[in-house]
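Chemist: This one is input17.cif, mmCIF, C-alpha atoms and all ligand atoms.
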data_protein
loop_
_atom_site.label_atom_id
_atom_site.label_comp_id
_atom_site.auth_asym_id
_atom_site.auth_seq_id
_atom_site.Cartn_x
_atom_site.Cartn_y
_atom_site.Cartn_z
CA MET A 1 102.30 71.84 -32.99
CA SER A 2 101.11 68.46 -34.29
CA ASP A 3 97.54 69.07 -33.11
CA ILE A 4 96.85 71.27 -36.16
CA PRO A 5 95.20 68.94 -38.70
CA GLY A 6 97.33 68.49 -41.78
CA LEU A 7 100.52 69.76 -40.16
CA PRO A 8 102.25 66.35 -39.73
CA ALA A 9 101.92 65.74 -43.49
CA ARG A 10 103.57 69.12 -44.26
CA ARG A 11 106.30 68.52 -41.68
CA ALA A 12 107.04 65.12 -43.23
CA ALA A 13 107.13 66.69 -46.71
CA LEU A 14 109.60 69.30 -45.44
CA GLN A 15 111.83 66.58 -43.96
CA MET A 16 111.76 64.66 -47.24
CA ILE A 17 112.67 67.71 -49.31
CA ASP A 18 115.60 68.54 -47.04
CA ALA A 19 116.82 64.94 -46.90
CA VAL A 20 116.88 64.70 -50.71
CA LEU A 21 118.23 68.14 -51.52
CA HIS A 22 120.72 68.61 -48.70
CA ARG A 23 121.68 65.10 -47.58
CA GLY A 24 121.48 63.31 -50.94
CA GLU A 25 118.99 60.69 -49.69
CA THR A 26 116.64 58.98 -52.12
CA LEU A 27 113.00 60.01 -51.80
CA GLU A 28 112.21 56.42 -50.79
CA GLN A 29 114.73 56.49 -47.91
CA ALA A 30 113.59 59.95 -46.86
CA GLU A 31 109.95 58.87 -46.96
CA ARG A 32 110.59 55.90 -44.66
CA ASN A 33 112.04 58.18 -41.99
CA ALA A 34 109.77 61.17 -42.42
CA THR A 35 106.43 59.37 -42.49
CA ARG A 36 107.17 57.04 -39.58
CA HIS A 37 104.96 59.04 -37.21
CA ILE A 38 102.15 59.72 -39.65
CA ARG A 39 99.10 57.60 -38.87
CA GLY A 40 96.62 57.76 -41.75
CA PRO A 41 97.38 56.59 -45.29
CA ALA A 42 95.81 59.77 -46.69
CA ASP A 43 98.26 62.02 -44.78
CA ARG A 44 101.15 59.81 -45.82
CA ALA A 45 100.10 59.98 -49.48
CA LEU A 46 99.69 63.77 -49.21
CA SER A 47 103.17 64.25 -47.75
CA ILE A 48 104.70 62.19 -50.57
CA ALA A 49 102.65 64.06 -53.20
CA ILE A 50 103.82 67.44 -51.85
CA ALA A 51 107.48 66.40 -51.71
CA SER A 52 107.31 64.87 -55.21
CA GLU A 53 105.75 67.99 -56.71
CA VAL A 54 108.42 70.16 -55.07
CA LEU A 55 111.15 67.99 -56.57
CA ARG A 56 109.54 68.04 -60.04
CA TRP A 57 108.93 71.80 -60.13
CA LEU A 58 111.80 72.98 -57.92
CA VAL A 59 113.42 75.27 -60.49
CA ASP A 60 110.10 76.97 -61.27
CA PHE A 61 109.12 77.37 -57.61
CA ASP A 62 112.52 78.87 -56.80
CA GLY A 63 112.14 81.26 -59.75
CA LEU A 64 108.81 82.47 -58.33
CA ILE A 65 110.19 82.85 -54.79
CA ASP A 66 113.24 84.78 -56.04
CA SER A 67 111.09 87.02 -58.25
CA VAL A 68 109.54 88.74 -55.22
CA MET A 69 112.59 88.93 -52.94
CA LYS A 70 115.08 91.78 -52.88
CA LYS A 71 117.79 89.51 -51.43
CA PRO A 72 117.50 85.82 -52.41
CA LEU A 73 117.06 83.33 -49.57
CA PRO A 74 119.94 80.86 -49.19
CA ASP A 75 119.28 77.58 -50.98
CA ASP A 76 119.16 75.66 -47.69
CA ALA A 77 117.06 78.20 -45.75
CA LYS A 78 114.10 76.55 -44.04
CA ALA A 79 111.84 79.41 -45.21
CA ARG A 80 112.71 78.56 -48.84
CA SER A 81 111.79 74.89 -48.32
CA VAL A 82 108.52 75.82 -46.64
CA LEU A 83 107.69 78.24 -49.47
CA ARG A 84 108.46 75.52 -52.00
CA LEU A 85 105.97 73.18 -50.37
CA MET A 86 103.39 75.97 -50.08
CA LEU A 87 103.68 76.62 -53.82
CA ALA A 88 103.43 72.89 -54.57
CA GLN A 89 100.16 72.69 -52.66
CA TRP A 90 98.71 75.82 -54.19
CA LEU A 91 99.86 75.50 -57.81
CA ARG A 92 100.02 71.74 -58.26
CA LEU A 93 97.68 70.17 -55.71
CA ASP A 94 94.96 72.85 -55.91
CA THR A 95 94.91 73.54 -52.17
CA PRO A 96 93.22 76.91 -51.51
CA PRO A 97 95.76 79.56 -50.42
CA HIS A 98 94.18 80.07 -46.98
CA ALA A 99 94.49 76.34 -46.28
CA VAL A 100 98.10 76.39 -47.49
CA ILE A 101 98.89 79.22 -45.07
CA ALA A 102 97.10 77.57 -42.15
CA THR A 103 98.86 74.20 -42.55
CA ALA A 104 102.37 75.19 -43.65
CA LEU A 105 103.27 78.44 -41.89
CA PRO A 106 103.28 76.82 -38.40
CA LEU A 107 106.43 75.01 -39.62
CA LEU A 108 108.20 78.37 -39.19
CA THR A 109 108.48 80.80 -36.30
CA GLY A 110 109.22 84.49 -35.78
CA GLY A 111 110.80 86.49 -38.58
CA THR A 112 111.07 83.64 -41.07
CA ARG A 113 107.38 82.94 -40.65
CA ARG A 114 106.50 86.56 -41.37
CA LEU A 115 108.84 86.52 -44.36
CA ALA A 116 107.32 83.36 -45.86
CA HIS A 117 103.83 84.72 -45.27
CA GLY A 118 104.79 87.96 -47.06
CA VAL A 119 106.34 86.15 -50.06
CA PHE A 120 103.40 83.75 -50.43
CA SER A 121 100.81 86.54 -50.11
CA THR A 122 102.64 88.69 -52.69
CA LEU A 123 102.71 85.79 -55.17
CA ASN A 124 99.08 85.09 -54.37
CA LYS A 125 98.06 88.55 -55.46
CA GLN A 126 99.86 88.18 -58.81
CA GLU A 127 98.63 86.41 -61.93
CA ILE A 128 101.18 83.63 -61.78
CA SER A 129 101.23 80.30 -63.55
CA LEU A 130 103.69 77.50 -64.09
CA PRO A 131 105.16 76.70 -67.52
CA ASP A 132 103.64 73.82 -69.55
CA ALA A 133 106.36 71.46 -68.30
CA PRO A 134 108.74 71.65 -65.31
CA THR A 135 112.03 73.45 -66.00
CA MET A 136 114.96 71.08 -65.48
CA PRO A 137 118.13 72.21 -63.67
CA ASP A 138 120.85 73.44 -66.06
CA ARG A 139 123.14 70.47 -65.39
CA VAL A 140 120.32 68.08 -66.34
CA ILE A 141 119.62 70.02 -69.54
CA ASP A 142 123.34 69.82 -70.37
CA ARG A 143 123.22 66.04 -70.03
CA TRP A 144 119.85 65.25 -71.64
CA GLY A 145 120.21 67.79 -74.46
CA ASP A 146 117.33 68.02 -76.95
CA ARG A 147 115.31 65.43 -75.02
CA ALA A 148 115.34 67.38 -71.72
CA GLU A 149 112.20 69.41 -72.47
CA ILE A 150 110.33 66.40 -73.90
CA ILE A 151 111.24 64.25 -70.90
CA ALA A 152 110.21 67.08 -68.54
CA ALA A 153 106.77 67.14 -70.20
CA GLY A 154 106.49 63.45 -69.29
CA LEU A 155 106.82 64.39 -65.60
CA ILE A 156 103.60 66.42 -65.44
CA ALA A 157 101.26 63.49 -64.92
CA PRO A 158 102.16 60.53 -62.70
CA PRO A 159 102.76 57.38 -64.77
CA PRO A 160 100.08 54.75 -65.44
CA VAL A 161 100.29 51.21 -64.03
CA ASP A 162 101.81 48.56 -66.31
CA LEU A 163 101.28 44.84 -65.75
CA ALA A 164 103.40 42.05 -67.24
CA LEU A 165 101.46 38.82 -67.78
CA LYS A 166 102.82 35.36 -67.06
CA ASN A 167 100.80 33.89 -69.90
CA TRP A 168 100.65 36.05 -73.04
CA ALA A 169 97.87 34.05 -74.73
CA ASP A 170 95.03 35.90 -73.03
CA THR A 171 96.48 39.44 -73.21
CA ASP A 172 93.61 41.10 -75.11
CA GLU A 173 90.91 39.35 -73.11
CA ARG A 174 92.49 40.34 -69.79
CA ALA A 175 93.14 43.91 -70.94
CA ALA A 176 89.46 44.28 -71.85
CA SER A 177 88.21 42.74 -68.61
CA MET A 178 90.50 44.99 -66.50
CA GLY A 179 89.60 48.13 -68.48
CA GLY A 180 93.17 48.57 -69.72
CA VAL A 181 94.99 48.72 -73.04
CA SER A 182 97.78 46.51 -74.33
CA LEU A 183 100.81 47.98 -76.10
CA ALA A 184 102.60 44.63 -76.58
CA PRO A 185 101.87 40.94 -76.12
CA GLY A 186 101.82 40.18 -72.39
CA HIS A 187 101.41 43.85 -71.45
CA ILE A 188 98.42 45.68 -69.92
CA ARG A 189 98.38 49.41 -69.14
CA LEU A 190 95.91 50.60 -66.50
CA PRO A 191 95.06 54.11 -65.30
CA ARG A 192 97.21 55.51 -62.50
CA GLY A 193 95.94 54.68 -59.03
CA THR A 194 94.26 51.41 -60.05
CA PRO A 195 94.09 49.34 -56.82
CA ILE A 196 96.46 46.60 -57.86
CA ASP A 197 95.79 43.96 -55.22
CA GLN A 198 92.08 43.97 -56.01
CA LEU A 199 92.57 43.09 -59.69
CA PRO A 200 91.74 39.53 -60.77
CA GLY A 201 94.74 37.23 -60.92
CA PHE A 202 96.88 39.01 -58.28
CA ALA A 203 96.70 36.29 -55.62
CA GLU A 204 97.09 33.63 -58.33
CA GLY A 205 100.31 35.32 -59.55
CA ASP A 206 99.06 35.70 -63.12
CA TRP A 207 100.89 39.03 -63.50
CA TRP A 208 103.27 41.47 -61.82
CA VAL A 209 103.75 45.24 -62.01
CA GLN A 210 106.52 46.25 -64.42
CA ASP A 211 106.88 49.33 -66.62
CA LEU A 212 106.64 48.43 -70.31
CA ALA A 213 110.16 49.80 -70.97
CA ALA A 214 111.55 47.61 -68.18
CA THR A 215 110.17 44.51 -69.93
CA LEU A 216 112.03 45.20 -73.19
CA PRO A 217 115.52 43.88 -72.23
CA ALA A 218 114.21 40.36 -71.41
CA ARG A 219 111.87 40.39 -74.43
CA LEU A 220 114.95 40.94 -76.61
CA LEU A 221 116.31 37.53 -75.55
CA GLY A 222 113.22 35.81 -76.99
CA GLN A 223 111.84 32.46 -75.88
CA GLY A 224 113.93 30.09 -73.77
CA GLY A 225 112.25 26.82 -74.70
CA GLY A 226 113.48 24.70 -77.59
CA PRO A 227 113.60 21.17 -79.02
CA ASN A 228 116.59 20.37 -76.78
CA GLY A 229 114.87 21.56 -73.59
CA PRO A 230 115.08 24.95 -71.90
CA LYS A 231 118.05 27.19 -72.61
CA ARG A 232 120.07 28.56 -69.69
CA VAL A 233 120.20 32.27 -68.92
CA LEU A 234 122.18 34.11 -66.26
CA ASP A 235 120.15 37.03 -64.93
CA LEU A 236 122.98 39.12 -63.53
CA CYS A 237 121.88 41.77 -60.99
CA ALA A 238 118.45 40.18 -60.84
CA ALA A 239 116.63 41.43 -57.76
CA PRO A 240 113.78 42.16 -57.11
CA GLY A 241 113.23 39.97 -60.12
CA GLY A 242 110.96 41.58 -62.71
CA LYS A 243 113.16 40.26 -65.51
CA THR A 244 113.72 36.90 -63.77
CA LEU A 245 109.94 36.37 -63.83
CA GLN A 246 109.75 37.31 -67.51
CA LEU A 247 112.59 34.98 -68.48
CA ALA A 248 111.19 32.07 -66.45
CA ALA A 249 107.72 32.65 -67.97
CA ALA A 250 109.34 32.64 -71.45
CA GLY A 251 110.67 29.13 -70.80
CA TRP A 252 114.28 29.95 -69.84
CA GLN A 253 116.08 28.03 -67.10
CA VAL A 254 117.10 31.05 -65.04
CA THR A 255 120.00 31.59 -62.67
CA ALA A 256 119.25 34.82 -60.83
CA LEU A 257 122.25 36.44 -59.13
CA ASP A 258 122.28 39.51 -56.91
CA ILE A 259 124.45 40.93 -54.14
CA SER A 260 121.57 42.07 -51.93
CA GLU A 261 119.92 39.56 -49.59
CA ARG A 262 117.08 42.02 -48.88
CA ARG A 263 116.28 42.44 -52.57
CA LEU A 264 116.64 38.69 -53.19
CA GLY A 265 113.99 38.21 -50.49
CA LYS A 266 111.60 40.16 -52.72
CA LEU A 267 112.65 38.06 -55.70
CA ARG A 268 111.83 34.89 -53.74
CA GLN A 269 108.39 36.29 -52.82
CA ASN A 270 107.76 37.16 -56.47
CA LEU A 271 108.68 33.65 -57.60
CA GLU A 272 106.46 32.14 -54.92
CA ARG A 273 103.45 34.28 -55.84
CA THR A 274 103.76 33.58 -59.57
CA GLY A 275 104.71 29.90 -59.22
CA LEU A 276 107.73 30.48 -61.47
CA GLU A 277 111.17 28.95 -60.84
CA ALA A 278 114.75 30.17 -60.82
CA GLU A 279 118.02 29.19 -59.19
CA ILE A 280 118.94 31.99 -56.78
CA ILE A 281 122.53 32.98 -56.00
CA LYS A 282 123.55 35.67 -53.54
CA ALA A 283 126.98 36.82 -54.65
CA ASN A 284 129.07 39.75 -55.76
CA ALA A 285 129.24 39.49 -59.53
CA LEU A 286 132.68 41.11 -59.45
CA THR A 287 134.19 38.13 -57.58
CA TRP A 288 131.81 35.21 -58.31
CA GLN A 289 132.71 32.49 -60.81
CA PRO A 290 130.03 30.45 -62.60
CA ALA A 291 130.20 26.65 -62.39
CA LYS A 292 128.32 26.21 -65.69
CA GLN A 293 127.91 27.87 -69.06
CA PHE A 294 124.93 29.92 -70.17
CA ASP A 295 123.19 30.33 -73.53
CA ALA A 296 122.56 33.98 -72.72
CA ILE A 297 123.36 36.61 -70.10
CA LEU A 298 121.12 39.52 -69.16
CA LEU A 299 123.01 42.27 -67.34
CA ASP A 300 120.46 44.70 -65.91
CA ALA A 301 123.17 46.74 -64.29
CA PRO A 302 122.97 48.97 -61.21
CA CYS A 303 122.76 52.58 -62.40
CA THR A 304 121.81 56.12 -61.43
CA ALA A 305 118.18 55.29 -62.36
CA THR A 306 117.58 58.73 -63.88
CA GLY A 307 115.20 56.99 -66.31
CA THR A 308 112.77 56.52 -63.43
CA CYS A 309 112.44 60.30 -62.85
CA ARG A 310 108.66 60.15 -63.30
CA ARG A 311 108.32 57.94 -60.21
CA HIS A 312 111.46 59.12 -58.40
CA PRO A 313 111.85 62.87 -59.05
CA ASP A 314 114.69 63.00 -56.50
CA VAL A 315 117.06 61.71 -59.22
CA ILE A 316 116.71 65.06 -61.02
CA HIS A 317 118.56 66.75 -58.14
CA ARG A 318 120.54 63.96 -56.47
CA ILE A 319 122.39 62.65 -59.46
CA GLY A 320 125.42 64.50 -60.76
CA ASP A 321 128.68 63.77 -62.56
CA ARG A 322 130.24 61.98 -59.59
CA GLN A 323 127.43 59.42 -59.22
CA ILE A 324 127.29 58.86 -62.99
CA GLU A 325 131.05 58.27 -63.12
CA GLU A 326 130.91 55.82 -60.20
CA MET A 327 128.07 53.85 -61.77
CA ALA A 328 129.73 53.84 -65.20
CA GLU A 329 132.87 52.31 -63.63
CA LEU A 330 130.83 49.59 -61.92
CA GLN A 331 128.86 48.86 -65.11
CA ASN A 332 132.10 48.60 -67.06
CA ALA A 333 133.52 46.09 -64.58
CA LEU A 334 130.28 44.04 -64.65
CA LEU A 335 130.24 44.06 -68.45
CA GLU A 336 133.82 42.76 -68.49
CA ARG A 337 132.81 39.87 -66.19
CA ALA A 338 129.74 39.01 -68.30
CA ILE A 339 131.75 39.05 -71.53
CA GLU A 340 134.40 36.80 -69.96
CA TRP A 341 131.77 34.19 -68.91
CA LEU A 342 129.88 34.20 -72.22
CA PRO A 343 130.58 31.14 -74.41
CA GLU A 344 130.97 31.55 -78.21
CA GLY A 345 127.58 31.86 -79.91
CA SER A 346 125.78 33.11 -76.79
CA ALA A 347 123.91 36.42 -76.51
CA LEU A 348 124.45 39.29 -74.10
CA VAL A 349 121.83 41.93 -73.35
CA TYR A 350 122.95 44.99 -71.38
CA ALA A 351 120.33 47.31 -69.85
CA VAL A 352 120.22 50.32 -67.54
CA CYS A 353 117.27 52.46 -66.42
CA SER A 354 119.43 55.54 -66.88
CA LEU A 355 119.18 58.44 -69.31
CA GLU A 356 122.90 59.16 -69.11
CA SER A 357 125.09 58.61 -72.13
CA ALA A 358 128.03 57.49 -69.92
CA GLU A 359 125.92 54.58 -68.65
CA GLY A 360 124.29 53.80 -72.01
CA ASP A 361 125.75 54.33 -75.48
CA ALA A 362 129.25 55.13 -74.15
CA GLN A 363 129.29 51.76 -72.33
CA ALA A 364 127.93 49.91 -75.36
CA GLU A 365 130.61 51.42 -77.60
CA SER A 366 133.34 49.89 -75.45
CA VAL A 367 132.02 46.32 -75.89
CA GLY A 368 134.02 44.35 -78.45
CA LEU A 369 131.40 41.65 -79.23
CA THR A 370 129.41 41.32 -82.45
CA PRO A 371 126.32 43.55 -82.29
CA MET A 372 122.91 41.92 -82.70
CA PRO A 373 121.03 45.06 -83.74
CA ILE A 374 117.59 45.55 -82.20
CA THR A 375 114.89 45.86 -84.86
CA ALA A 376 111.65 47.88 -84.89
CA GLU A 377 109.67 44.62 -85.33
CA GLU A 378 110.84 43.48 -81.89
CA LEU A 379 109.55 46.65 -80.21
CA PRO A 380 106.07 47.95 -79.31
CA ALA A 381 104.52 50.03 -82.13
CA GLY A 382 105.81 53.60 -82.04
CA LEU A 383 109.32 52.75 -80.77
CA GLN A 384 112.40 52.66 -83.01
CA PRO A 385 115.92 51.42 -82.34
CA THR A 386 118.78 53.95 -82.64
CA ASP A 387 120.89 54.08 -85.82
CA ASP A 388 123.40 51.85 -83.99
CA GLY A 389 120.77 49.16 -83.36
CA TRP A 390 120.43 50.01 -79.65
CA LEU A 391 117.28 50.98 -77.81
CA ARG A 392 116.79 54.23 -75.92
CA THR A 393 113.47 54.99 -74.24
CA ASP A 394 112.41 57.98 -72.15
CA ALA A 395 109.38 59.58 -70.50
CA GLY A 396 108.59 61.56 -73.67
CA MET A 397 108.09 58.42 -75.80
CA LEU A 398 104.63 56.90 -76.44
CA SER A 399 103.43 60.02 -74.60
CA ASP A 400 99.85 59.77 -75.90
CA GLU A 401 99.68 56.32 -74.33
CA GLY A 402 101.09 57.45 -70.97
CA GLY A 403 104.86 57.47 -71.59
CA LEU A 404 107.67 55.11 -70.63
CA ASP A 405 110.48 54.88 -68.12
CA GLY A 406 113.91 55.68 -69.53
CA PHE A 407 116.02 52.67 -70.48
CA PHE A 408 119.08 51.96 -72.59
CA VAL A 409 119.41 48.45 -74.05
CA ALA A 410 122.09 46.88 -76.27
CA ARG A 411 122.53 43.32 -77.53
CA TRP A 412 125.50 41.33 -78.84
CA VAL A 413 126.58 37.79 -79.61
CA LYS A 414 130.02 36.38 -78.84
C1 LIG A 501 118.71 47.66 -61.72
S1 LIG A 501 118.68 46.67 -60.31
C2 LIG A 501 118.11 45.15 -60.97
C3 LIG A 501 116.65 45.06 -61.26
C4 LIG A 501 116.20 43.67 -61.66
N1 LIG A 501 116.96 43.15 -62.79
C5 LIG A 501 114.72 43.57 -61.99
O1 LIG A 501 114.36 43.51 -63.17
O2 LIG A 501 113.92 43.55 -61.05
C6 LIG A 501 120.38 46.36 -60.06
C7 LIG A 501 120.70 45.28 -59.05
O3 LIG A 501 122.12 45.10 -59.05
C8 LIG A 501 122.48 44.59 -57.80
N2 LIG A 501 123.96 44.71 -57.68
C9 LIG A 501 124.68 45.84 -57.52
N3 LIG A 501 126.00 45.55 -57.48
C10 LIG A 501 126.11 44.22 -57.64
C11 LIG A 501 127.21 43.30 -57.68
N4 LIG A 501 128.46 43.74 -57.57
N5 LIG A 501 126.96 41.99 -57.84
C12 LIG A 501 125.68 41.54 -57.96
N6 LIG A 501 124.60 42.35 -57.91
C13 LIG A 501 124.81 43.66 -57.76
C14 LIG A 501 121.66 45.41 -56.84
O4 LIG A 501 121.51 44.76 -55.60
C15 LIG A 501 120.34 45.56 -57.60
O5 LIG A 501 119.41 44.60 -57.16
#
Would you kindly transcribe this structure into structure tokens?
Modeler:
Amino acid sequence: MSDIPGLPARRAALQMIDAVLHRGETLEQAERNATRHIRGPADRALSIAIASEVLRWLVDFDGLIDSVMKKPLPDDAKARSVLRLMLAQWLRLDTPPHAVIATALPLLTGGTRRLAHGVFSTLNKQEISLPDAPTMPDRVIDRWGDRAEIIAAGLIAPPPVDLALKNWADTDERAASMGGVSLAPGHIRLPRGTPIDQLPGFAEGDWWVQDLAATLPARLLGQGGGPNGPKRVLDLCAAPGGKTLQLAAAGWQVTALDISERRLGKLRQNLERTGLEAEIIKANALTWQPAKQFDAILLDAPCTATGTCRRHPDVIHRIGDRQIEEMAELQNALLERAIEWLPEGSALVYAVCSLESAEGDAQAESVGLTPMPITAEELPAGLQPTDDGWLRTDAGMLSDEGGLDGFFVARWVK
């Protein structure tokens, strides 16, 4: 079967779709397993593109499939998954229908193959088109409310590449020389697909890749240098270290703590490449006790990561009430620890890359510290804090400039 060109990429896409939708795996995990036997980078990229488009447009593809069937196919039927990936290729990746048929139908045999062929050919003869933005599943619309449609529109185009600079002084000059734009000091936005490792300054560690929204929590702690030497910050849940790098570059003396040795390995590599410094601690924040006091704590808590749905469309389907509840409990416990360790007069910033109220504003409301409201002046032009002085970003914001990942950020002082 694998001697048909293009078939391994479709088979890998099928495995990824099933792993995410029926086994609850992340797309990243599924990709590692499914693409193991794919040789060329182009086939690997194609399989990921197909699976991602299926996950973004799943509700619309299923609507089309169901519209031409007398009896709907079960949700987990292989023929449905193959039809989904056929529609993704045809309607989203502009693959000609005959090529779609030739490369995807061999994934099926016998009656199911004839059935998928019939459904695809029927749709092919109709004047069909997708809506302007992917339709989100009902449970996601229930959770994201008014923003669901706007966020969905942010999923149509893959996100641009954001760089965070170690040294902010030359932001404009670097942005111009790289052909990018800057939306904040120390930030450069480049077109999607820019070959990162060929850009000037990569080997020298002058910058790292970090979505603009992901840089905002550390920015809200300000500079760490002062007349009495560097201030101390605890970067709680730090790996792989995007915010550790920012804090160290802003002059803070950083203690970076994380439970995962594998992710701390990446943090170490990042520090090495950029020449920045931090004390690294591998520990469970729920049981660890600090031996010193900090001037600030940044808690970038583990979360459902639904704010990263542009890059990780699996979250749209994988995350439900149970996962949100579990994460909210963990975040609450971590917040309690951070509050306990914070000396009087010190600041706490809490952040999650989640779009869920239970992980964002509902958590912030339970914190009994004095709020330090976030102001518009501290944010990139076009962003506003909420009425409560918190920050909420999502894929529909700064859309003309390429959008943002979804984050919730709150700040207090003890
Ligand atoms: C959102 S990620 C952090 C991203 C990181 N701050 C950055 O900017 O690159 C959350 C991190 O929390 C860590 N984590 C989860 N539970 C933890 C715990 N109980 N104690 C310490 N770290 C934990 C995970 O290993 C993960 O690296």
Chemist: Could you pull out the residues sitting within 6 Å of ligand LIG 501 (chain A), using all atoms listed in the file, and write them as a PDB file with C-alpha atoms, in the coordinates of the input?
Modeler:
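The resulting selection-v1.pdb:
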ATOM      1  CA  CYS A 237     121.880  41.770 -60.990  1.00  0.00           C
ATOM      2  CA  ALA A 238     118.450  40.180 -60.840  1.00  0.00           C
ATOM      3  CA  ALA A 239     116.630  41.430 -57.760  1.00  0.00           C
ATOM      4  CA  PRO A 240     113.780  42.160 -57.110  1.00  0.00           C
ATOM      5  CA  GLY A 241     113.230  39.970 -60.120  1.00  0.00           C
ATOM      6  CA  GLY A 242     110.960  41.580 -62.710  1.00  0.00           C
ATOM      7  CA  LYS A 243     113.160  40.260 -65.510  1.00  0.00           C
ATOM      8  CA  ASP A 258     122.280  39.510 -56.910  1.00  0.00           C
ATOM      9  CA  ILE A 259     124.450  40.930 -54.140  1.00  0.00           C
ATOM     10  CA  SER A 260     121.570  42.070 -51.930  1.00  0.00           C
ATOM     11  CA  ARG A 263     116.280  42.440 -52.570  1.00  0.00           C
ATOM     12  CA  ALA A 283     126.980  36.820 -54.650  1.00  0.00           C
ATOM     13  CA  ASN A 284     129.070  39.750 -55.760  1.00  0.00           C
ATOM     14  CA  ALA A 285     129.240  39.490 -59.530  1.00  0.00           C
ATOM     15  CA  LEU A 286     132.680  41.110 -59.450  1.00  0.00           C
ATOM     16  CA  ASP A 300     120.460  44.700 -65.910  1.00  0.00           C
ATOM     17  CA  ALA A 301     123.170  46.740 -64.290  1.00  0.00           C
ATOM     18  CA  PRO A 302     122.970  48.970 -61.210  1.00  0.00           C
TER      19      PRO A 302
END
Chemist: Find the spatial neighbours of range 371-381 of chain A, counting all atoms listed in the file, within a cut-off of 6 Å - ignore same-chain residues fewer than 5 positions away - and output them as a list in words.
Modeler: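 Returned residues: Ala184, Gly389, Trp390, Arg411 and Trp412 of chain A.
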Chemist: As a PyMOL selection string, please: the residues near range 54-59 of chain A (cut-off 9 Å, all atoms listed in the file, same-chain neighbours under 6 positions excluded).
Modeler: chain A and resi 17+20-21+81+84-85+87-89+130+133-137+152+155-156+309-310+313-314+316-317
Chemist: Kindly indicate which residue among A:Asp405, A:Glu329, A:Asp162, A:Asp172 lies nearest to Arg192 in chain A, using only C-alpha atoms for the distances.
Modeler: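 Answer, going by the shortest atom-to-atom distance: A:Asp162.
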Chemist: Can you pull out the residues contacting Asp400 in chain A? Cut-off 12 Å, using all atoms listed in the file, and skip same-chain residues under 2 positions away; I want them as number ranges by chain.
Modeler: A: 153-154, 157, 159-160, 183, 382, 395-398, 402-404
Chemist: Using only C-alpha atoms, which protein or nucleic acid residues come within 9 Å of range 344-361 of chain A? Drop anything in the same chain fewer than 2 positions from it, and give the result as a short mmCIF file (atom, residue, chain, number, x, y, z; two decimals) with C-alpha atoms, in the frame of the given file.
Modeler:
data_model
loop_
_atom_site.label_atom_id
_atom_site.label_comp_id
_atom_site.auth_asym_id
_atom_site.auth_seq_id
_atom_site.Cartn_x
_atom_site.Cartn_y
_atom_site.Cartn_z
CA ARG A 143 123.22 66.04 -70.03
CA TRP A 144 119.85 65.25 -71.64
CA ALA A 213 110.16 49.80 -70.97
CA ALA A 214 111.55 47.61 -68.18
CA PRO A 217 115.52 43.88 -72.23
CA ALA A 218 114.21 40.36 -71.41
CA LEU A 220 114.95 40.94 -76.61
CA LEU A 221 116.31 37.53 -75.55
CA PHE A 294 124.93 29.92 -70.17
CA ASP A 295 123.19 30.33 -73.53
CA ALA A 296 122.56 33.98 -72.72
CA ILE A 297 123.36 36.61 -70.10
CA LEU A 298 121.12 39.52 -69.16
CA LEU A 299 123.01 42.27 -67.34
CA ASP A 300 120.46 44.70 -65.91
CA ALA A 301 123.17 46.74 -64.29
CA PRO A 302 122.97 48.97 -61.21
CA CYS A 303 122.76 52.58 -62.40
CA THR A 304 121.81 56.12 -61.43
CA ALA A 305 118.18 55.29 -62.36
CA THR A 306 117.58 58.73 -63.88
CA GLY A 307 115.20 56.99 -66.31
CA THR A 308 112.77 56.52 -63.43
CA ILE A 324 127.29 58.86 -62.99
CA GLU A 325 131.05 58.27 -63.12
CA MET A 327 128.07 53.85 -61.77
CA ALA A 328 129.73 53.84 -65.20
CA GLU A 329 132.87 52.31 -63.63
CA GLN A 331 128.86 48.86 -65.11
CA ASN A 332 132.10 48.60 -67.06
CA LEU A 335 130.24 44.06 -68.45
CA ALA A 338 129.74 39.01 -68.30
CA ILE A 339 131.75 39.05 -71.53
CA LEU A 342 129.88 34.20 -72.22
CA GLN A 363 129.29 51.76 -72.33
CA ALA A 364 127.93 49.91 -75.36
CA GLU A 365 130.61 51.42 -77.60
CA SER A 366 133.34 49.89 -75.45
CA LEU A 369 131.40 41.65 -79.23
CA MET A 372 122.91 41.92 -82.70
CA TRP A 390 120.43 50.01 -79.65
CA ARG A 392 116.79 54.23 -75.92
CA THR A 393 113.47 54.99 -74.24
CA ASP A 394 112.41 57.98 -72.15
CA ASP A 405 110.48 54.88 -68.12
CA GLY A 406 113.91 55.68 -69.53
CA PHE A 407 116.02 52.67 -70.48
CA PHE A 408 119.08 51.96 -72.59
CA VAL A 409 119.41 48.45 -74.05
CA ALA A 410 122.09 46.88 -76.27
CA ARG A 411 122.53 43.32 -77.53
CA TRP A 412 125.50 41.33 -78.84
CA VAL A 413 126.58 37.79 -79.61
CA LYS A 414 130.02 36.38 -78.84
#
Chemist: What separation in Å, quoted to one decimal, exists between CA of Gly186 in chain A and CA of Ala169 in chain A?
Modeler: 7.7 Å
Chemist: Of the residues A:Leu245, A:His22, A:Pro8, A:Pro230, which is the one nearest to Asp75 in chain A, using all atoms listed in the file?
Modeler: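 Checking each of A:Leu245, A:His22, A:Pro8, A:Pro230 against Asp75 in chain A, counting all atoms listed in the file, the winner is A:His22.
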Chemist: One decimal, in Å: what's the spacing between CA of Leu7 in chain A and CA of Thr103 in chain A?
Modeler: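 The value is 5.3 Å.
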Chemist: Do you have the CA of Gln253 in chain A-CA of Val233 in chain A distance handy?
Modeler: 6.2 Å
